[in-house]
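Peer 1: Let me give you the structure first, and then I'll get to my questions.
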Amino acid sequence: MARPAGKQQQVSVLVAAALLLMVPAVVSAVTCGQVAGYLSPCMSYAMGGQGTAPPEACCSGVRSLNSAARTTGDRQAACKCLKQITISMPALKPGIVAGIPGKCGVDIPYPITSSTDCTKVQ
């Protein structure tokens with residue numbers, strides 16, 4: 001019996017989050033588990049399934065993550081986690097993902113893409 005599309009997306013998000021918890025993080029205060037937690041409210045929107053603007057819970061998570069990533073190490077760790085998410089979840093729409101911070105009024109020092117060089121993030 002096939003799963004409904006919504007359930008399948010939820011399972012994909014949970015699997016990706018679980019995988020991120022197993023990825024060793026750079027020594028920093030920000031972990032991939034935290035990044036996944038902050039941004040989980042963005043997943044439906046990032047897959048193109050929820051309106052023309054990110055939900056407030058998504059923007060709140062983006063702001064919280066931006067506040068938590070205070071040092072260069074934190075920002076590089078968050079970047080690596082975001083990059084891993086974009087690679088591991090092909091259902092995410094790259095153009096939508098890249099636009100989320102701006103639509104939430106948050107300026108981050110790097111683009112969210114699978115090709116971002118996180119070692120250059122300051």
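Residue numbering restarts at 1 in every chain; chains get A, B, ... in the order shown in the structure tokens, and ligands count up from 1 in that same order.
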Thr72 in chain A: which residues within 10 Å, counting only C-alpha atoms, same-chain residues fewer than 2 positions away excluded, as a PDB file with N, CA, C and O atoms, in the first residue's frame?

Peer 2:
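For reference, part_4.pdb as written:
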```
ATOM      1  N   SER A  28      32.090  23.075  17.662  1.00  0.00           N
ATOM      2  CA  SER A  28      31.416  24.365  17.758  1.00  0.00           C
ATOM      3  C   SER A  28      30.191  24.195  18.640  1.00  0.00           C
ATOM      4  O   SER A  28      29.854  23.103  19.059  1.00  0.00           O
ATOM      5  N   ALA A  69      24.584  30.968  15.658  1.00  0.00           N
ATOM      6  CA  ALA A  69      25.846  30.830  14.916  1.00  0.00           C
ATOM      7  C   ALA A  69      26.654  32.123  15.045  1.00  0.00           C
ATOM      8  O   ALA A  69      26.728  32.922  14.127  1.00  0.00           O
ATOM      9  N   ARG A  70      27.282  32.299  16.189  1.00  0.00           N
ATOM     10  CA  ARG A  70      27.971  33.557  16.503  1.00  0.00           C
ATOM     11  C   ARG A  70      29.413  33.605  16.033  1.00  0.00           C
ATOM     12  O   ARG A  70      29.924  34.652  15.696  1.00  0.00           O
ATOM     13  N   ASP A  74      30.964  28.271  14.284  1.00  0.00           N
ATOM     14  CA  ASP A  74      29.528  28.011  14.307  1.00  0.00           C
ATOM     15  C   ASP A  74      28.921  28.188  12.912  1.00  0.00           C
ATOM     16  O   ASP A  74      28.124  27.363  12.460  1.00  0.00           O
ATOM     17  N   ARG A  75      29.288  29.276  12.237  1.00  0.00           N
ATOM     18  CA  ARG A  75      28.739  29.556  10.909  1.00  0.00           C
ATOM     19  C   ARG A  75      29.189  28.505   9.901  1.00  0.00           C
ATOM     20  O   ARG A  75      28.410  28.072   9.053  1.00  0.00           O
ATOM     21  N   GLN A  76      30.434  28.063   9.995  1.00  0.00           N
ATOM     22  CA  GLN A  76      30.917  27.018   9.091  1.00  0.00           C
ATOM     23  C   GLN A  76      30.207  25.694   9.367  1.00  0.00           C
ATOM     24  O   GLN A  76      29.847  24.969   8.437  1.00  0.00           O
ATOM     25  N   ALA A  77      29.990  25.388  10.642  1.00  0.00           N
ATOM     26  CA  ALA A  77      29.278  24.151  10.992  1.00  0.00           C
ATOM     27  C   ALA A  77      27.839  24.207  10.489  1.00  0.00           C
ATOM     28  O   ALA A  77      27.338  23.232   9.903  1.00  0.00           O
ATOM     29  N   ALA A  78      27.166  25.336  10.695  1.00  0.00           N
ATOM     30  CA  ALA A  78      25.791  25.484  10.211  1.00  0.00           C
ATOM     31  C   ALA A  78      25.761  25.381   8.691  1.00  0.00           C
ATOM     32  O   ALA A  78      24.880  24.723   8.123  1.00  0.00           O
ATOM     33  N   THR A 119      34.178  26.314   3.921  1.00  0.00           N
ATOM     34  CA  THR A 119      35.453  26.687   4.548  1.00  0.00           C
ATOM     35  C   THR A 119      35.754  28.171   4.362  1.00  0.00           C
ATOM     36  O   THR A 119      36.585  28.722   5.082  1.00  0.00           O
ATOM     37  N   LYS A 120      35.070  28.818   3.433  1.00  0.00           N
ATOM     38  CA  LYS A 120      35.296  30.246   3.196  1.00  0.00           C
ATOM     39  C   LYS A 120      34.327  31.127   3.963  1.00  0.00           C
ATOM     40  O   LYS A 120      34.430  32.348   3.925  1.00  0.00           O
ATOM     41  N   VAL A 121      33.390  30.510   4.667  1.00  0.00           N
ATOM     42  CA  VAL A 121      32.413  31.277   5.457  1.00  0.00           C
ATOM     43  C   VAL A 121      33.117  31.888   6.652  1.00  0.00           C
ATOM     44  O   VAL A 121      33.857  31.222   7.372  1.00  0.00           O
ATOM     45  N   GLN A 122      32.909  33.166   6.863  1.00  0.00           N
ATOM     46  CA  GLN A 122      33.494  33.872   7.988  1.00  0.00           C
ATOM     47  C   GLN A 122      32.401  34.177   8.969  1.00  0.00           C
ATOM     48  O   GLN A 122      32.410  34.489  10.021  1.00  0.00           O
TER      49      GLN A 122
END
```

Peer 1: Name the residues in contact with Gly61 in chain A at a cut-off of 10 Å, using only C-alpha atoms, excluding same-chain residues fewer than 5 positions from it; report them as a PyMOL selection string.

Peer 2: chain A and resi 34-42+56+66-67+104

Peer 1: Convert the current residue selection to file output with N, CA, C and O atoms, as a PDB file, in the first residue's frame.

Peer 2:
```pdb
ATOM      1  N   GLN A  34      20.782  20.614  15.932  1.00  0.00           N
ATOM      2  CA  GLN A  34      20.175  21.919  16.207  1.00  0.00           C
ATOM      3  C   GLN A  34      19.727  22.594  14.911  1.00  0.00           C
ATOM      4  O   GLN A  34      18.638  23.159  14.845  1.00  0.00           O
ATOM      5  N   VAL A  35      20.565  22.531  13.887  1.00  0.00           N
ATOM      6  CA  VAL A  35      20.216  23.138  12.599  1.00  0.00           C
ATOM      7  C   VAL A  35      18.923  22.502  12.078  1.00  0.00           C
ATOM      8  O   VAL A  35      17.992  23.206  11.679  1.00  0.00           O
ATOM      9  N   ALA A  36      18.859  21.182  12.102  1.00  0.00           N
ATOM     10  CA  ALA A  36      17.656  20.480  11.634  1.00  0.00           C
ATOM     11  C   ALA A  36      16.439  20.872  12.472  1.00  0.00           C
ATOM     12  O   ALA A  36      15.346  21.080  11.934  1.00  0.00           O
ATOM     13  N   GLY A  37      16.639  21.006  13.770  1.00  0.00           N
ATOM     14  CA  GLY A  37      15.535  21.397  14.644  1.00  0.00           C
ATOM     15  C   GLY A  37      15.037  22.810  14.369  1.00  0.00           C
ATOM     16  O   GLY A  37      13.833  23.050  14.274  1.00  0.00           O
ATOM     17  N   TYR A  38      15.974  23.739  14.218  1.00  0.00           N
ATOM     18  CA  TYR A  38      15.598  25.125  13.935  1.00  0.00           C
ATOM     19  C   TYR A  38      14.820  25.222  12.617  1.00  0.00           C
ATOM     20  O   TYR A  38      13.890  26.016  12.487  1.00  0.00           O
ATOM     21  N   LEU A  39      15.249  24.440  11.633  1.00  0.00           N
ATOM     22  CA  LEU A  39      14.706  24.605  10.287  1.00  0.00           C
ATOM     23  C   LEU A  39      13.610  23.610   9.911  1.00  0.00           C
ATOM     24  O   LEU A  39      13.062  23.693   8.806  1.00  0.00           O
ATOM     25  N   SER A  40      13.260  22.706  10.796  1.00  0.00           N
ATOM     26  CA  SER A  40      12.212  21.735  10.456  1.00  0.00           C
ATOM     27  C   SER A  40      10.893  22.398  10.055  1.00  0.00           C
ATOM     28  O   SER A  40      10.216  21.897   9.153  1.00  0.00           O
ATOM     29  N   PRO A  41      10.500  23.554  10.631  1.00  0.00           N
ATOM     30  CA  PRO A  41       9.258  24.183  10.179  1.00  0.00           C
ATOM     31  C   PRO A  41       9.335  24.733   8.748  1.00  0.00           C
ATOM     32  O   PRO A  41       8.318  25.132   8.185  1.00  0.00           O
ATOM     33  N   CYS A  42      10.532  24.739   8.157  1.00  0.00           N
ATOM     34  CA  CYS A  42      10.710  25.267   6.795  1.00  0.00           C
ATOM     35  C   CYS A  42      10.554  24.192   5.723  1.00  0.00           C
ATOM     36  O   CYS A  42      10.452  24.524   4.535  1.00  0.00           O
ATOM     37  N   GLU A  56       5.736  31.669   9.708  1.00  0.00           N
ATOM     38  CA  GLU A  56       6.413  32.385  10.788  1.00  0.00           C
ATOM     39  C   GLU A  56       7.304  31.451  11.610  1.00  0.00           C
ATOM     40  O   GLU A  56       8.394  31.844  12.036  1.00  0.00           O
ATOM     41  N   ASN A  66      20.486  31.830  13.112  1.00  0.00           N
ATOM     42  CA  ASN A  66      21.411  32.930  12.838  1.00  0.00           C
ATOM     43  C   ASN A  66      21.980  33.491  14.139  1.00  0.00           C
ATOM     44  O   ASN A  66      23.176  33.786  14.226  1.00  0.00           O
ATOM     45  N   SER A  67      21.160  33.601  15.166  1.00  0.00           N
ATOM     46  CA  SER A  67      21.631  34.093  16.467  1.00  0.00           C
ATOM     47  C   SER A  67      22.567  33.095  17.139  1.00  0.00           C
ATOM     48  O   SER A  67      23.517  33.493  17.813  1.00  0.00           O
ATOM     49  N   CYS A 104      12.674  35.970   5.176  1.00  0.00           N
ATOM     50  CA  CYS A 104      12.490  36.057   6.632  1.00  0.00           C
ATOM     51  C   CYS A 104      13.175  37.304   7.206  1.00  0.00           C
ATOM     52  O   CYS A 104      13.173  37.509   8.418  1.00  0.00           O
TER      53      CYS A 104
END
```

Peer 1: Can you work out the spacing between CA of Leu65 in chain A and CA of Lys93 in chain A in Å, to one decimal?

Peer 2: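 Taking CA of Leu65 in chain A as the start and CA of Lys93 in chain A as the end point, the length is 20.4 Å.
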
Peer 1: When you look at range 43-49 of chain A with a cut-off of 6 Å (counting only C-alpha atoms), what residues show up, excluding the ones that are within fewer than 5 positions of it in the same chain? I need them as a ChimeraX atom specification.

Peer 2: /A:91-93,96-97

Peer 1: Pull N, CA, C and O atoms from the residues just selected and write them as a tab-separated table (two decimals), in the first residue's frame.

Peer 2:
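Writing the result to again_30.tsv gives the following:
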```tsv
chain	number	residue	atom	x	y	z
A	91	ALA	N	14.01	16.56	-2.76
A	91	ALA	CA	12.68	17.18	-2.90
A	91	ALA	C	12.71	18.67	-2.60
A	91	ALA	O	11.78	19.40	-2.96
A	92	LEU	N	13.77	19.15	-1.94
A	92	LEU	CA	13.89	20.58	-1.67
A	92	LEU	C	14.13	21.34	-2.97
A	92	LEU	O	14.92	20.91	-3.80
A	93	LYS	N	13.47	22.45	-3.13
A	93	LYS	CA	13.61	23.28	-4.32
A	93	LYS	C	14.73	24.31	-4.07
A	93	LYS	O	14.57	25.18	-3.21
A	96	ILE	N	13.86	28.04	-3.83
A	96	ILE	CA	13.07	28.37	-2.64
A	96	ILE	C	13.97	28.38	-1.41
A	96	ILE	O	13.93	29.31	-0.60
A	97	VAL	N	14.80	27.34	-1.28
A	97	VAL	CA	15.70	27.23	-0.12
A	97	VAL	C	16.60	28.47	-0.03
A	97	VAL	O	16.74	29.07	1.02
```

Peer 1: Which polymer residues have any atom within 6 Å of an atom of range 108-116 of chain A, counting only C-alpha atoms, with same-chain residues fewer than 5 positions away left out, as a PDB file with N, CA, C and O atoms, in the first residue's frame?

Peer 2:
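Resulting contents of part.pdb:
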```pdb
ATOM      1  N   LYS A  83      24.276  22.553   3.836  1.00  0.00           N
ATOM      2  CA  LYS A  83      24.713  21.972   2.570  1.00  0.00           C
ATOM      3  C   LYS A  83      24.326  20.490   2.524  1.00  0.00           C
ATOM      4  O   LYS A  83      23.812  20.007   1.510  1.00  0.00           O
ATOM      5  N   THR A  86      20.631  20.089   1.847  1.00  0.00           N
ATOM      6  CA  THR A  86      20.260  20.329   0.452  1.00  0.00           C
ATOM      7  C   THR A  86      20.674  19.171  -0.447  1.00  0.00           C
ATOM      8  O   THR A  86      19.995  18.872  -1.430  1.00  0.00           O
ATOM      9  N   ILE A  87      21.766  18.502  -0.107  1.00  0.00           N
ATOM     10  CA  ILE A  87      22.228  17.355  -0.898  1.00  0.00           C
ATOM     11  C   ILE A  87      21.374  16.115  -0.608  1.00  0.00           C
ATOM     12  O   ILE A  87      21.011  15.381  -1.516  1.00  0.00           O
ATOM     13  N   ALA A  98      17.201  28.841  -1.150  1.00  0.00           N
ATOM     14  CA  ALA A  98      18.124  29.982  -1.164  1.00  0.00           C
ATOM     15  C   ALA A  98      17.434  31.285  -0.776  1.00  0.00           C
ATOM     16  O   ALA A  98      18.064  32.176  -0.205  1.00  0.00           O
TER      17      ALA A  98
END
```

Peer 1: Which of these residues is nearest to Cys32 in chain A, using only C-alpha atoms: A:Pro55, A:Gly73, A:Arg63, A:Leu82?

Peer 2: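 For Cys32 in chain A, the nearest of the given residues is A:Leu82.
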
Peer 1: To one decimal place in Å, what is the distance between CA of Gly33 in chain A and CA of Ser60 in chain A?

Peer 2: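 We find that CA of Gly33 in chain A and CA of Ser60 in chain A lie 16.6 Å from each other.
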
Peer 1: So the first atom is CA of Lys103 in chain A and the second is CA of Asp117 in chain A; what is the distance between them in Å, to one decimal place?

Peer 2: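 About the pair CA of Lys103 in chain A and CA of Asp117 in chain A: they are 22.8 Å apart.
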